[in-house]
file my_file-v4.cif (mmCIF, C-alpha atoms and all ligand atoms)
data_model
#
loop_
_atom_site.label_atom_id
_atom_site.label_comp_id
_atom_site.auth_asym_id
_atom_site.auth_seq_id
_atom_site.Cartn_x
_atom_site.Cartn_y
_atom_site.Cartn_z
CA MET R 1 -11.91 22.58 -23.16
CA LYS R 2 -13.09 19.45 -24.94
CA LEU R 3 -10.42 16.81 -25.46
CA HIS R 4 -10.41 13.85 -27.82
CA LEU R 5 -8.69 10.74 -26.49
CA SER R 6 -7.58 7.65 -28.32
CA ALA R 7 -5.30 4.69 -27.74
CA PRO R 8 -1.53 4.85 -28.08
CA SER R 9 -0.15 2.78 -30.95
CA ASN R 10 1.26 0.42 -28.34
CA THR R 11 -0.57 -0.49 -25.12
CA LEU R 12 2.43 -2.30 -23.66
CA PHE R 13 3.57 0.44 -21.30
CA LYS R 14 7.05 0.95 -19.87
CA SER R 15 6.64 4.33 -18.24
CA ASN R 16 7.32 6.26 -15.11
CA ILE R 17 5.26 9.12 -13.74
CA LYS R 18 5.78 11.43 -10.78
CA ILE R 19 2.49 12.44 -9.18
CA THR R 20 1.93 15.53 -7.04
CA GLY R 21 1.54 15.29 -3.24
CA SER R 22 -1.71 14.07 -1.67
CA LYS R 23 -4.25 16.89 -1.52
CA SER R 24 -5.75 15.43 1.65
CA GLU R 25 -2.41 15.32 3.47
CA SER R 26 -1.43 18.73 2.06
CA ASN R 27 -4.57 20.52 3.24
CA ARG R 28 -4.23 19.03 6.71
CA LEU R 29 -0.57 20.00 6.94
CA LEU R 30 -1.25 23.52 5.69
CA LEU R 31 -3.72 24.00 8.52
CA LEU R 32 -1.34 22.48 11.06
CA GLN R 33 1.42 24.75 9.77
CA ALA R 34 -0.83 27.79 10.36
CA LEU R 35 -1.33 26.61 13.95
CA PHE R 36 2.28 25.48 14.48
CA PRO R 37 4.61 27.58 12.29
CA SER R 38 7.58 25.32 13.03
CA VAL R 39 6.14 22.75 10.59
CA THR R 40 7.84 22.56 7.16
CA ILE R 41 6.07 20.78 4.30
CA LYS R 42 7.73 19.03 1.34
CA ASN R 43 6.09 17.62 -1.83
CA LEU R 44 3.03 19.79 -1.25
CA SER R 45 0.17 19.14 -3.69
CA ASN R 46 0.05 21.52 -6.67
CA SER R 47 -3.74 21.08 -6.86
CA ASP R 48 -6.26 23.92 -6.99
CA ASP R 49 -7.62 22.67 -3.67
CA ALA R 50 -4.25 23.07 -1.94
CA GLU R 51 -3.80 26.47 -3.56
CA VAL R 52 -7.15 27.81 -2.30
CA MET R 53 -6.36 26.39 1.13
CA GLN R 54 -3.03 28.25 1.22
CA LYS R 55 -4.62 31.48 0.06
CA GLY R 56 -7.51 31.13 2.52
CA LEU R 57 -5.16 30.75 5.44
CA GLN R 58 -3.52 34.08 4.61
CA ILE R 59 -6.77 36.04 4.94
CA SER R 60 -7.87 37.48 8.30
CA ASN R 61 -10.84 39.59 7.27
CA GLY R 62 -13.17 39.56 4.28
CA ILE R 63 -14.23 36.95 1.76
CA VAL R 64 -12.56 33.58 1.43
CA ASP R 65 -13.63 31.75 -1.74
CA ILE R 66 -12.58 28.11 -1.74
CA HIS R 67 -14.18 27.23 -5.12
CA HIS R 68 -14.84 23.46 -5.24
CA ALA R 69 -12.56 22.37 -2.37
CA GLY R 70 -14.53 20.38 0.22
CA THR R 71 -11.60 19.91 2.59
CA ALA R 72 -10.71 23.62 2.43
CA MET R 73 -14.34 24.52 3.18
CA ARG R 74 -14.57 22.25 6.19
CA PHE R 75 -11.04 22.73 7.55
CA LEU R 76 -11.13 26.53 7.21
CA THR R 77 -14.53 26.69 8.92
CA ALA R 78 -13.01 25.12 12.01
CA TYR R 79 -9.84 27.19 11.70
CA PHE R 80 -11.52 30.61 11.44
CA ALA R 81 -14.06 29.71 14.13
CA SER R 82 -11.18 29.20 16.56
CA GLN R 83 -9.18 32.36 15.70
CA PRO R 84 -10.21 35.38 17.83
CA GLY R 85 -9.93 38.63 15.85
CA LYS R 86 -10.46 37.03 12.43
CA GLU R 87 -13.77 37.61 10.71
CA VAL R 88 -14.51 36.07 7.32
CA THR R 89 -17.24 35.06 4.94
CA LEU R 90 -16.44 31.57 3.71
CA THR R 91 -17.92 30.71 0.34
CA GLY R 92 -17.25 28.62 -2.74
CA SER R 93 -18.60 27.49 -6.09
CA GLN R 94 -22.32 27.01 -6.77
CA ARG R 95 -21.89 23.32 -5.99
CA MET R 96 -20.18 24.15 -2.68
CA THR R 97 -23.31 26.03 -1.62
CA GLU R 98 -25.19 22.72 -2.05
CA ARG R 99 -22.73 20.63 0.00
CA PRO R 100 -23.94 20.40 3.62
CA ILE R 101 -21.92 21.82 6.51
CA LYS R 102 -24.48 21.85 9.31
CA VAL R 103 -22.98 18.97 11.30
CA LEU R 104 -19.67 20.81 11.58
CA VAL R 105 -21.20 24.23 12.25
CA GLU R 106 -23.43 22.81 15.01
CA ALA R 107 -20.47 21.07 16.66
CA LEU R 108 -18.36 24.23 16.52
CA LYS R 109 -21.20 26.30 17.96
CA GLU R 110 -21.43 23.89 20.88
CA LEU R 111 -17.74 24.53 21.47
CA GLY R 112 -18.42 28.29 21.52
CA ALA R 113 -18.15 29.40 17.86
CA ASP R 114 -19.99 32.33 16.28
CA ILE R 115 -21.11 31.22 12.81
CA THR R 116 -24.14 32.34 10.78
CA TYR R 117 -25.56 31.07 7.51
CA LEU R 118 -25.80 33.80 4.89
CA LYS R 119 -28.18 32.03 2.49
CA ASN R 120 -29.53 28.57 3.23
CA ASP R 121 -29.60 27.04 6.67
CA GLY R 122 -26.96 24.30 6.86
CA TYR R 123 -25.01 25.34 3.74
CA PRO R 124 -22.27 27.79 2.72
CA PRO R 125 -21.80 30.71 2.47
CA ILE R 126 -21.23 31.26 6.18
CA LYS R 127 -20.01 34.20 8.24
CA ILE R 128 -17.50 33.34 10.94
CA LYS R 129 -16.39 35.60 13.80
CA GLY R 130 -13.39 33.91 15.39
CA GLN R 131 -13.70 33.15 19.11
CA LYS R 132 -11.75 31.49 21.85
CA LEU R 133 -13.49 28.11 21.91
CA VAL R 134 -13.96 27.27 25.55
CA GLU R 135 -15.72 23.91 25.57
CA HIS R 136 -13.83 20.70 24.94
CA LYS R 137 -16.45 17.98 24.46
CA VAL R 138 -18.92 17.53 21.65
CA SER R 139 -20.80 14.76 19.90
CA LEU R 140 -21.64 14.73 16.19
CA PRO R 141 -23.03 12.42 13.50
CA ALA R 142 -20.23 10.53 11.77
CA ASP R 143 -22.07 9.00 8.83
CA ILE R 144 -22.24 12.00 6.46
CA SER R 145 -18.66 13.18 5.97
CA SER R 146 -15.44 12.44 7.85
CA GLN R 147 -14.22 15.90 6.88
CA TYR R 148 -16.28 17.44 9.70
CA ILE R 149 -14.45 15.23 12.17
CA SER R 150 -11.01 15.89 10.68
CA ALA R 151 -11.70 19.63 10.76
CA LEU R 152 -12.37 19.51 14.51
CA LEU R 153 -9.39 17.24 15.17
CA LEU R 154 -7.02 19.56 13.33
CA ILE R 155 -7.79 22.57 15.52
CA ALA R 156 -8.06 20.44 18.68
CA PRO R 157 -4.44 20.63 19.90
CA ARG R 158 -4.68 24.43 20.10
CA LEU R 159 -7.82 24.40 22.23
CA GLU R 160 -7.05 25.02 25.89
CA ASN R 161 -8.20 21.60 27.04
CA GLY R 162 -7.89 19.68 23.78
CA LEU R 163 -11.02 17.96 22.49
CA GLU R 164 -13.15 14.91 23.08
CA LEU R 165 -15.41 13.87 20.19
CA GLU R 166 -18.20 11.35 20.48
CA LEU R 167 -19.02 9.99 17.04
CA VAL R 168 -22.64 9.05 16.52
CA GLY R 169 -23.77 6.48 13.94
CA LYS R 170 -21.70 4.42 11.52
CA ILE R 171 -18.38 6.17 10.97
CA THR R 172 -17.71 6.81 7.28
CA SER R 173 -14.40 7.31 5.44
CA VAL R 174 -12.51 6.14 8.53
CA PRO R 175 -9.00 6.14 6.94
CA TYR R 176 -9.27 9.92 6.48
CA ILE R 177 -9.85 10.32 10.23
CA LYS R 178 -6.87 8.08 10.91
CA MET R 179 -4.81 10.13 8.45
CA THR R 180 -5.61 13.25 10.49
CA LEU R 181 -4.61 11.54 13.74
CA GLY R 182 -1.51 10.12 12.04
CA LEU R 183 -0.33 13.56 10.94
CA LEU R 184 -1.07 14.99 14.40
CA SER R 185 1.06 12.23 15.86
CA GLN R 186 3.90 12.98 13.41
CA ILE R 187 4.12 16.53 14.74
CA GLY R 188 3.99 15.30 18.34
CA VAL R 189 0.30 15.73 19.23
CA GLU R 190 -1.15 12.89 21.28
CA SER R 191 -4.56 11.41 20.64
CA SER R 192 -6.62 8.27 21.15
CA PHE R 193 -9.40 6.69 19.07
CA GLU R 194 -11.31 4.02 20.96
CA GLY R 195 -14.74 2.82 19.93
CA ASN R 196 -16.63 5.96 18.97
CA THR R 197 -14.59 8.37 21.10
CA ILE R 198 -11.64 10.40 19.89
CA ARG R 199 -9.50 12.47 22.26
CA VAL R 200 -6.85 14.97 21.23
CA PHE R 201 -4.57 16.43 23.87
CA PRO R 202 -3.58 20.10 23.87
CA LYS R 203 -0.17 21.26 22.64
CA ASP R 204 1.20 24.81 22.77
CA ALA R 205 4.16 24.47 20.48
CA ILE R 206 6.08 21.78 18.67
CA ALA R 207 9.75 21.29 17.86
CA PRO R 208 10.71 22.19 14.25
CA LYS R 209 9.57 19.35 12.04
CA THR R 210 9.73 18.64 8.30
CA LEU R 211 7.02 16.43 6.84
CA VAL R 212 7.15 14.95 3.35
CA VAL R 213 3.74 14.52 1.75
CA GLU R 214 3.35 11.17 0.05
CA SER R 215 2.07 11.43 -3.53
CA ASP R 216 -1.67 11.20 -4.05
CA TRP R 217 -3.12 7.68 -4.08
CA SER R 218 -6.48 8.78 -5.51
CA SER R 219 -4.53 10.15 -8.49
CA ALA R 220 -2.65 6.84 -8.72
CA SER R 221 -6.00 5.11 -9.27
CA TYR R 222 -6.15 6.29 -12.91
CA PHE R 223 -2.86 4.54 -13.62
CA TYR R 224 -4.12 1.37 -11.95
CA SER R 225 -7.05 1.56 -14.35
CA ILE R 226 -4.74 2.10 -17.34
CA ALA R 227 -2.58 -0.83 -16.21
CA ALA R 228 -5.67 -3.04 -15.87
CA LEU R 229 -6.78 -2.17 -19.42
CA SER R 230 -3.28 -2.51 -20.92
CA GLU R 231 -1.40 -5.50 -22.35
CA VAL R 232 0.09 -8.15 -20.10
CA GLY R 233 3.68 -7.20 -19.36
CA SER R 234 3.01 -3.46 -19.04
CA GLU R 235 4.82 -1.65 -16.24
CA ILE R 236 3.99 1.81 -14.95
CA GLU R 237 6.24 3.16 -12.23
CA LEU R 238 4.70 5.80 -9.96
CA SER R 239 6.50 7.99 -7.44
CA ALA R 240 6.68 8.92 -4.64
CA TYR R 241 4.77 6.16 -2.86
CA LYS R 242 5.27 3.84 0.06
CA LYS R 243 3.59 0.64 1.13
CA ASP R 244 2.77 1.92 4.59
CA SER R 245 0.55 4.84 3.60
CA LEU R 246 -1.63 7.24 5.58
CA GLN R 247 -4.00 7.33 2.61
CA GLY R 248 -6.86 4.84 2.60
CA ASP R 249 -6.94 4.84 -1.21
CA SER R 250 -3.70 2.83 -1.10
CA VAL R 251 -6.10 -0.14 -0.84
CA LEU R 252 -5.89 0.09 -4.66
CA SER R 253 -2.86 -2.18 -4.53
CA GLU R 254 -5.09 -4.93 -3.11
CA ILE R 255 -8.22 -4.21 -5.16
CA TYR R 256 -6.46 -4.16 -8.53
CA LYS R 257 -4.97 -7.62 -7.98
CA SER R 258 -8.44 -8.82 -9.04
CA PHE R 259 -7.94 -6.97 -12.33
CA GLY R 260 -4.53 -8.56 -12.99
CA VAL R 261 -2.40 -5.67 -11.68
CA ASP R 262 0.40 -6.40 -9.20
CA SER R 263 1.95 -3.63 -7.12
CA ILE R 264 5.66 -3.90 -6.49
CA PHE R 265 6.91 -1.44 -3.88
CA LYS R 266 10.46 -0.20 -4.32
CA GLU R 267 12.26 2.39 -2.22
CA ASN R 268 10.18 5.40 -3.20
CA GLN R 269 7.98 3.98 -5.94
CA VAL R 270 5.25 1.56 -6.71
CA VAL R 271 5.44 -0.35 -9.98
CA LEU R 272 2.09 -1.38 -11.44
CA LYS R 273 2.57 -4.55 -13.44
CA LYS R 274 -0.11 -6.09 -15.60
CA VAL R 275 0.31 -9.81 -15.00
CA GLY R 276 -2.98 -11.50 -15.80
CA SER R 277 -5.45 -11.22 -18.61
CA GLU R 278 -8.23 -13.57 -17.54
CA ILE R 279 -11.50 -11.70 -17.01
CA PRO R 280 -12.35 -11.83 -13.30
CA GLU R 281 -15.70 -12.90 -11.91
CA PRO R 282 -18.23 -10.15 -11.17
CA ILE R 283 -16.72 -8.36 -8.24
CA GLU R 284 -18.23 -6.89 -5.06
CA ILE R 285 -16.38 -4.17 -3.14
CA ASP R 286 -17.38 -2.04 -0.13
CA LEU R 287 -15.87 1.41 -0.73
CA SER R 288 -17.07 3.20 2.41
CA ASN R 289 -13.41 3.57 3.39
CA ALA R 290 -12.26 4.71 -0.05
CA PRO R 291 -15.10 6.64 -1.75
CA ASP R 292 -12.86 8.60 -4.13
CA ILE R 293 -11.83 5.53 -6.14
CA ALA R 294 -15.40 4.39 -6.86
CA GLN R 295 -15.55 6.12 -10.25
CA THR R 296 -12.18 4.69 -11.30
CA ILE R 297 -13.20 1.15 -10.37
CA ALA R 298 -16.60 1.35 -12.05
CA VAL R 299 -14.95 2.50 -15.30
CA THR R 300 -12.20 -0.13 -15.10
CA CYS R 301 -14.86 -2.82 -14.76
CA PHE R 302 -16.74 -1.46 -17.73
CA GLY R 303 -13.52 -1.32 -19.77
CA LEU R 304 -12.76 -4.95 -18.93
CA GLY R 305 -16.34 -6.04 -19.60
CA VAL R 306 -16.63 -7.20 -15.99
CA GLY R 307 -19.70 -6.82 -13.80
CA CYS R 308 -19.40 -5.22 -10.38
CA HIS R 309 -21.45 -4.38 -7.32
CA LEU R 310 -19.97 -1.42 -5.43
CA THR R 311 -21.37 -0.67 -1.99
CA GLY R 312 -20.71 1.89 0.76
CA LEU R 313 -21.21 4.76 -1.68
CA HIS R 314 -23.62 6.84 0.48
CA THR R 315 -21.25 9.86 0.51
CA LEU R 316 -21.01 10.12 -3.28
CA LYS R 317 -24.19 12.12 -3.69
CA ILE R 318 -22.75 15.14 -1.83
CA LYS R 319 -19.36 15.32 -3.50
CA GLU R 320 -18.35 17.55 -6.45
CA THR R 321 -21.46 16.26 -8.20
CA ASP R 322 -23.88 13.42 -7.49
CA ARG R 323 -21.30 10.88 -8.60
CA LEU R 324 -23.74 7.95 -8.66
CA GLU R 325 -26.09 9.66 -11.11
CA ALA R 326 -23.15 11.01 -13.14
CA LEU R 327 -21.63 7.53 -13.48
CA LYS R 328 -24.96 6.06 -14.47
CA THR R 329 -25.56 8.69 -17.15
CA GLU R 330 -22.09 8.57 -18.69
CA LEU R 331 -21.57 4.80 -18.58
CA THR R 332 -25.01 4.33 -20.13
CA LYS R 333 -23.95 6.60 -23.02
CA LEU R 334 -21.03 4.23 -23.60
CA GLY R 335 -23.36 1.22 -23.74
CA ALA R 336 -23.29 -0.04 -20.14
CA THR R 337 -26.16 -1.61 -18.24
CA ILE R 338 -25.95 0.01 -14.85
CA SER R 339 -28.23 0.76 -11.93
CA VAL R 340 -27.62 2.88 -8.84
CA THR R 341 -29.32 3.48 -5.51
CA ASP R 342 -28.30 6.20 -3.05
CA LYS R 343 -25.51 3.98 -1.74
CA CYS R 344 -24.53 1.36 -4.30
CA LEU R 345 -23.89 0.75 -7.96
CA THR R 346 -24.40 -2.39 -10.01
CA LEU R 347 -22.82 -2.81 -13.42
CA SER R 348 -23.59 -5.77 -15.65
CA PRO R 349 -20.82 -7.41 -17.68
CA SER R 350 -20.93 -5.81 -21.12
CA GLU R 351 -19.58 -6.72 -24.51
CA THR R 352 -20.27 -3.53 -26.42
CA MET R 353 -18.63 -0.15 -26.07
CA ASN R 354 -19.82 2.83 -28.08
CA SER R 355 -17.11 5.03 -29.58
CA GLU R 356 -16.72 8.79 -30.05
CA ILE R 357 -18.98 9.45 -27.05
CA ALA R 358 -18.55 12.85 -25.30
CA ILE R 359 -18.30 12.32 -21.54
CA ASP R 360 -19.75 15.12 -19.41
CA THR R 361 -17.74 15.89 -16.29
CA TYR R 362 -20.14 17.92 -14.08
CA ASN R 363 -17.37 20.09 -12.55
CA ASP R 364 -15.95 16.87 -11.14
CA HIS R 365 -12.25 16.21 -11.70
CA ARG R 366 -12.77 12.51 -11.01
CA MET R 367 -15.34 12.14 -13.80
CA ALA R 368 -12.74 13.37 -16.32
CA MET R 369 -9.88 11.30 -14.95
CA ALA R 370 -11.85 8.10 -14.31
CA PHE R 371 -13.06 7.93 -17.92
CA ALA R 372 -9.71 8.80 -19.55
CA PRO R 373 -8.27 5.25 -19.28
CA LEU R 374 -11.09 3.99 -21.52
CA ALA R 375 -9.16 5.57 -24.41
CA LEU R 376 -7.21 2.30 -24.45
CA LYS R 377 -10.41 0.55 -25.55
CA THR R 378 -12.32 3.17 -27.57
CA SER R 379 -11.95 6.75 -28.79
CA LEU R 380 -13.90 9.25 -26.72
CA PHE R 381 -14.21 12.92 -25.85
CA ILE R 382 -13.93 14.46 -22.38
CA ASN R 383 -15.91 17.68 -21.95
CA ASP R 384 -14.55 20.48 -19.74
CA ALA R 385 -11.35 18.52 -19.35
CA GLU R 386 -9.70 21.35 -17.37
CA VAL R 387 -11.64 20.20 -14.27
CA VAL R 388 -8.74 17.88 -13.44
CA SER R 389 -6.85 20.78 -11.85
CA LYS R 390 -8.91 20.41 -8.66
CA SER R 391 -6.60 17.61 -7.60
CA TYR R 392 -4.21 16.83 -10.49
CA PRO R 393 -3.28 19.75 -12.78
CA ASP R 394 -0.67 17.69 -14.69
CA PHE R 395 -3.07 14.88 -15.51
CA TRP R 396 -3.35 15.44 -19.28
CA ASN R 397 0.40 15.91 -19.65
CA ASP R 398 0.90 12.63 -17.84
CA MET R 399 -1.60 10.95 -20.19
CA LYS R 400 0.47 12.28 -23.09
CA ALA R 401 3.62 10.94 -21.42
CA LEU R 402 1.98 7.50 -21.66
CA LYS R 403 1.51 8.21 -25.40
CA ILE R 404 -2.27 8.23 -25.04
CA LYS R 405 -3.42 10.45 -27.91
CA VAL R 406 -4.84 13.62 -26.39
CA GLY R 407 -6.10 16.20 -28.90
CA LYS R 408 -8.67 18.91 -29.30
O1 LIG R 501 -10.62 14.28 4.55
C1 LIG R 501 -10.33 14.21 3.35
O2 LIG R 501 -9.26 14.65 2.90
C2 LIG R 501 -11.32 13.62 2.43
C3 LIG R 501 -12.34 12.83 2.91
C4 LIG R 501 -13.34 12.16 2.05
O3 LIG R 501 -14.57 12.83 2.19
P1 LIG R 501 -15.83 12.26 3.06
O4 LIG R 501 -15.37 12.01 4.43
O5 LIG R 501 -16.80 13.37 2.95
O6 LIG R 501 -16.27 11.00 2.38
C5 LIG R 501 -12.89 12.18 0.59
O7 LIG R 501 -13.97 11.84 -0.25
C6 LIG R 501 -12.35 13.52 0.16
O8 LIG R 501 -11.92 13.53 -1.17
C7 LIG R 501 -11.13 13.89 0.99
C1 LIG R 502 -14.59 14.50 -2.73
C2 LIG R 502 -13.44 15.08 -3.07
O1 LIG R 502 -12.97 16.24 -2.58
P1 LIG R 502 -13.62 17.31 -1.58
O2 LIG R 502 -14.71 16.64 -0.79
O3 LIG R 502 -12.48 17.74 -0.71
O4 LIG R 502 -14.14 18.43 -2.42
C3 LIG R 502 -12.55 14.41 -4.05
O5 LIG R 502 -11.43 14.89 -4.26
O6 LIG R 502 -12.92 13.38 -4.64
#

call {"tool": "encode", "arguments": {"input": "my_file-v4.cif", "output": "structure tokens"}}
result
Amino acid sequence: MKLHLSAPSNTLFKSNIKITGSKSESNRLLLLQALFPSVTIKNLSNSDDAEVMQKGLQISNGIVDIHHAGTAMRFLTAYFASQPGKEVTLTGSQRMTERPIKVLVEALKELGADITYLKNDGYPPIKIKGQKLVEHKVSLPADISSQYISALLLIAPRLENGLELELVGKITSVPYIKMTLGLLSQIGVESSFEGNTIRVFPKDAIAPKTLVVESDWSSASYFYSIAALSEVGSEIELSAYKKDSLQGDSVLSEIYKSFGVDSIFKENQVVLKKVGSEIPEPIEIDLSNAPDIAQTIAVTCFGLGVGCHLTGLHTLKIKETDRLEALKTELTKLGATISVTDKCLTLSPSETMNSEIAIDTYNDHRMAMAFAPLALKTSLFINDAEVVSKSYPDFWNDMKALKIKVGK
């Protein structure tokens, strides 16, 4: 599906939008619920990734296809490896077979897992024969993906002696590890994270507990971008959000101050208010703690004509697509001057913006959503716009609710 986007007749927004639950929190809680059935989840994400996670958890034998869902791939690998009697082949989309999983598989094998690669060494698809994992200490590289670490932490409380992880190298995407420990704590599992060692203590059962998933902050980023590109005085109210979030992408409320967007937290909402219109200085941001908002920020900067230097992007090459190359290609089509390395991106301030450009999305939901806010500045097309369903199926309806013109 190719969509044409153009500006609403009025870019002074007074809108409110309810966003689905965080996919990261949802997929963690779904796994914890499978291990501790007394957990009840509210405001679960309606994303494809949460759906494949739910379906995957119901299978005991046979093929589990998790499509594009990185968290489902990594979390289910750890789950099935630790479930005696279950035997599955875990696979996904073509891209998933190019996203590395060796670090996690090696760590699980050291704990006693039986996992074999069915095609390429270090990559899905994999065959898992569930075992009782008997070891309780393992060390693993922490600079490639935090999802490997979260996967191990999630199954840890059900291992006989819990788990001690030694993290080797510079730890990436740290807030996602803290989110995992935070959710474990909310259901009563004890843990510690000191230096490069994480310990999780065993737990047989937990008291009935209802957890409410906060809405998705990565999804909120697109509204921050729209607010930044809108007229001074615009207000977009997003729910359900809180100031004290488990999600590292909530750093948006700080970052977007530089783009003239204030965040006002109310009981269950955050109101994004465009307050300033002066073009900020070229901006430098380290996004190693919040990699999923890199595309949004790069596009906001381009839309504002502001230069930026984004660092800490070393994980972007192994996500849904090589996001650094994808950003470079698509922003260049729009007229940007941009360069990328394997860990950073530099965008020069630009004055021109080409119109009626068709943005390719590379099976990456965030490519589609990050470029959509540019409709406020120029008309453009988004190719394969249905990709948004990976994390945010209602995205295009919510764009229409803002009166952004979305047509075929
Ligand atoms: O644990 C999680 O829920 C996630 C961790 C991050 O991945 P990396 O740790 O691979 O950067 C993030 O990019 C992804 O969207 C979700
Ligand atoms: C990288 C992402 O997801 P995953 O790694 O879970 O596929 C994302 O949603 O931006």

call {"tool": "residues_near_ligand", "arguments": {"input": "my_file-v4.cif", "ligand": "ligand LIG 502 (chain R)", "cutoff": "10 Å", "atoms": "only C-alpha atoms and all ligand atoms", "output": "number ranges by chain"}}
result
R: 23-24, 27, 49-50, 66-75, 95-96, 99, 145-147, 218-219, 290-295, 315-321, 323, 364-367, 390-392

call {"tool": "closest_residue", "arguments": {"input": "my_file-v4.cif", "among": "R:Ser250, R:Asn16, R:Ser288, R:Ser389", "to": "Asp216 of chain R", "atoms": "all atoms listed in the file"}}
result
R:Ser250

call {"tool": "atom_distance", "arguments": {"input": "my_file-v4.cif", "atom1": "atom CA of Pro124 of chain R", "atom2": "atom CA of Val52 of chain R"}}
result
15.9 Å

call {"tool": "closest_atom_pairs", "arguments": {"input": "my_file-v4.cif", "of": "segment 221-296 of chain R", "to": "segment 302-310 of chain R", "cutoff": "8 Å", "atoms": "all atoms listed in the file", "output": "CSV"}}
result
residue,atom,partner,partner_atom,distance
R:Ala228,CA,R:Leu304,CA,8.0
R:Leu229,CA,R:Leu304,CA,6.6
R:Ile279,CA,R:Val306,CA,6.9
R:Pro280,CA,R:Val306,CA,6.9
R:Glu281,CA,R:Val306,CA,7.1
R:Pro282,CA,R:Gly307,CA,4.5
R:Ile283,CA,R:Cys308,CA,4.6
R:Glu284,CA,R:His309,CA,4.7
R:Ile285,CA,R:Leu310,CA,5.1
R:Asp286,CA,R:Leu310,CA,5.9
R:Leu287,CA,R:Leu310,CA,6.8
R:Ala294,CA,R:Leu310,CA,7.5

call {"tool": "closest_residue", "arguments": {"input": "my_file-v4.cif", "among": "R:Glu164, R:Ile359, R:Thr346, R:Asn354", "to": "Ala326 of chain R", "atoms": "all atoms listed in the file"}}
result
R:Ile359

call {"tool": "atom_distance", "arguments": {"input": "my_file-v4.cif", "atom1": "atom CA of Glu25 of chain R", "atom2": "atom CA of Glu214 of chain R"}}
result
7.9 Å

call {"tool": "atom_distance", "arguments": {"input": "my_file-v4.cif", "atom1": "atom CA of Glu160 of chain R", "atom2": "atom CA of Ser38 of chain R"}}
result
19.5 Å

call {"tool": "axis_aligned_box", "arguments": {"input": "my_file-v4.cif", "around": "segment 72-81 of chain R", "padding_each_side": "4 Å", "output": "JSON"}}
result
{"center_x": -12.2, "center_y": 26.4, "center_z": 8.3, "size_x": 12.7, "size_y": 16.4, "size_z": 19.7}

call {"tool": "closest_residue", "arguments": {"input": "my_file-v4.cif", "among": "R:Leu29, R:Val39, R:Ile155, R:Ala372", "to": "Pro208 of chain R", "atoms": "all atoms listed in the file"}}
result
R:Val39

call {"tool": "residues_around", "arguments": {"input": "my_file-v4.cif", "residues": "Gly248 of chain R", "least_positions_apart": "4", "cutoff": "8 Å", "atoms": "all atoms listed in the file", "output": "NGL selection string"}}
result
:R and (175-176 or 289-290)

call {"tool": "residues_near_point", "arguments": {"input": "my_file-v4.cif", "point": "(-2.6, 18.1, -19.6)", "cutoff": "12 Å", "atoms": "all atoms listed in the file", "output": "list of chain:residue names"}}
result
R:Met1, R:Lys2, R:Leu3, R:Leu5, R:Ala368, R:Met369, R:Ala372, R:Ala385, R:Glu386, R:Val387, R:Val388, R:Ser389, R:Tyr392, R:Pro393, R:Asp394, R:Phe395, R:Trp396, R:Asn397, R:Asp398, R:Met399, R:Lys400, R:Ala401, R:Leu402, R:Ile404, R:Lys405, R:Val406, R:Gly407, R:Lys408

call {"tool": "closest_residue", "arguments": {"input": "my_file-v4.cif", "among": "R:Leu104, R:Val299, R:Leu111, R:Leu334", "to": "ligand LIG 501 (chain R)", "atoms": "all atoms listed in the file"}}
result
R:Leu104

call {"tool": "closest_residue", "arguments": {"input": "my_file-v4.cif", "among": "R:Asp360, R:Glu231, R:Glu254, R:Asp143", "to": "ligand LIG 501 (chain R)", "atoms": "only C-alpha atoms and all ligand atoms"}}
result
R:Asp143

call {"tool": "residues_around", "arguments": {"input": "my_file-v4.cif", "residues": "Ser22 of chain R", "least_positions_apart": "6", "cutoff": "8 Å", "atoms": "all atoms listed in the file", "output": "count of residues only"}}
result
7

call {"tool": "residues_around", "arguments": {"input": "my_file-v4.cif", "residues": "segment 136-138 of chain R", "least_positions_apart": "5", "cutoff": "10 Å", "atoms": "only C-alpha atoms", "output": "list in words"}}
result
Glu106, Ala107, Leu108, Lys109, Glu110, Leu111, Gly112, Leu152, Ala156, Leu159, Glu160, Asn161, Gly162, Leu163, Glu164, Leu165, Glu166, Leu167, Arg199 and Val200 of chain R

call {"tool": "write_last_selection", "arguments": {"input": "my_file-v4.cif", "atoms": "C-alpha atoms", "output": "compact mmCIF listing (two decimals), in the coordinates of the input"}}
result
# COMPACT_ATOMS: atom_id res chain seq x y z
CA GLU R 106 -23.43 22.81 15.01
CA ALA R 107 -20.47 21.07 16.66
CA LEU R 108 -18.36 24.23 16.52
CA LYS R 109 -21.20 26.30 17.96
CA GLU R 110 -21.43 23.89 20.88
CA LEU R 111 -17.74 24.53 21.47
CA GLY R 112 -18.42 28.29 21.52
CA LEU R 152 -12.37 19.51 14.51
CA ALA R 156 -8.06 20.44 18.68
CA LEU R 159 -7.82 24.40 22.23
CA GLU R 160 -7.05 25.02 25.89
CA ASN R 161 -8.20 21.60 27.04
CA GLY R 162 -7.89 19.68 23.78
CA LEU R 163 -11.02 17.96 22.49
CA GLU R 164 -13.15 14.91 23.08
CA LEU R 165 -15.41 13.87 20.19
CA GLU R 166 -18.20 11.35 20.48
CA LEU R 167 -19.02 9.99 17.04
CA ARG R 199 -9.50 12.47 22.26
CA VAL R 200 -6.85 14.97 21.23

call {"tool": "closest_residue", "arguments": {"input": "my_file-v4.cif", "among": "R:Lys14, R:Lys178, R:Lys242, R:Lys55", "to": "ligand LIG 501 (chain R)", "atoms": "all atoms listed in the file"}}
result
R:Lys178

call {"tool": "decode", "arguments": {"input": "my_file-v4.cif", "residues": "segment 322-327 of chain R", "atoms": "C-alpha atoms", "output": "short mmCIF file (atom, residue, chain, number, x, y, z; two decimals), in the first residue's frame"}}
result
data_model
loop_
_atom_site.label_atom_id
_atom_site.label_comp_id
_atom_site.auth_asym_id
_atom_site.auth_seq_id
_atom_site.Cartn_x
_atom_site.Cartn_y
_atom_site.Cartn_z
CA ASP R 322 20.10 -1.26 8.19
CA ARG R 323 18.52 1.93 9.50
CA LEU R 324 21.62 4.07 8.94
CA GLU R 325 21.79 3.27 5.23
CA ALA R 326 18.00 3.54 4.90
CA LEU R 327 17.99 7.01 6.49
#
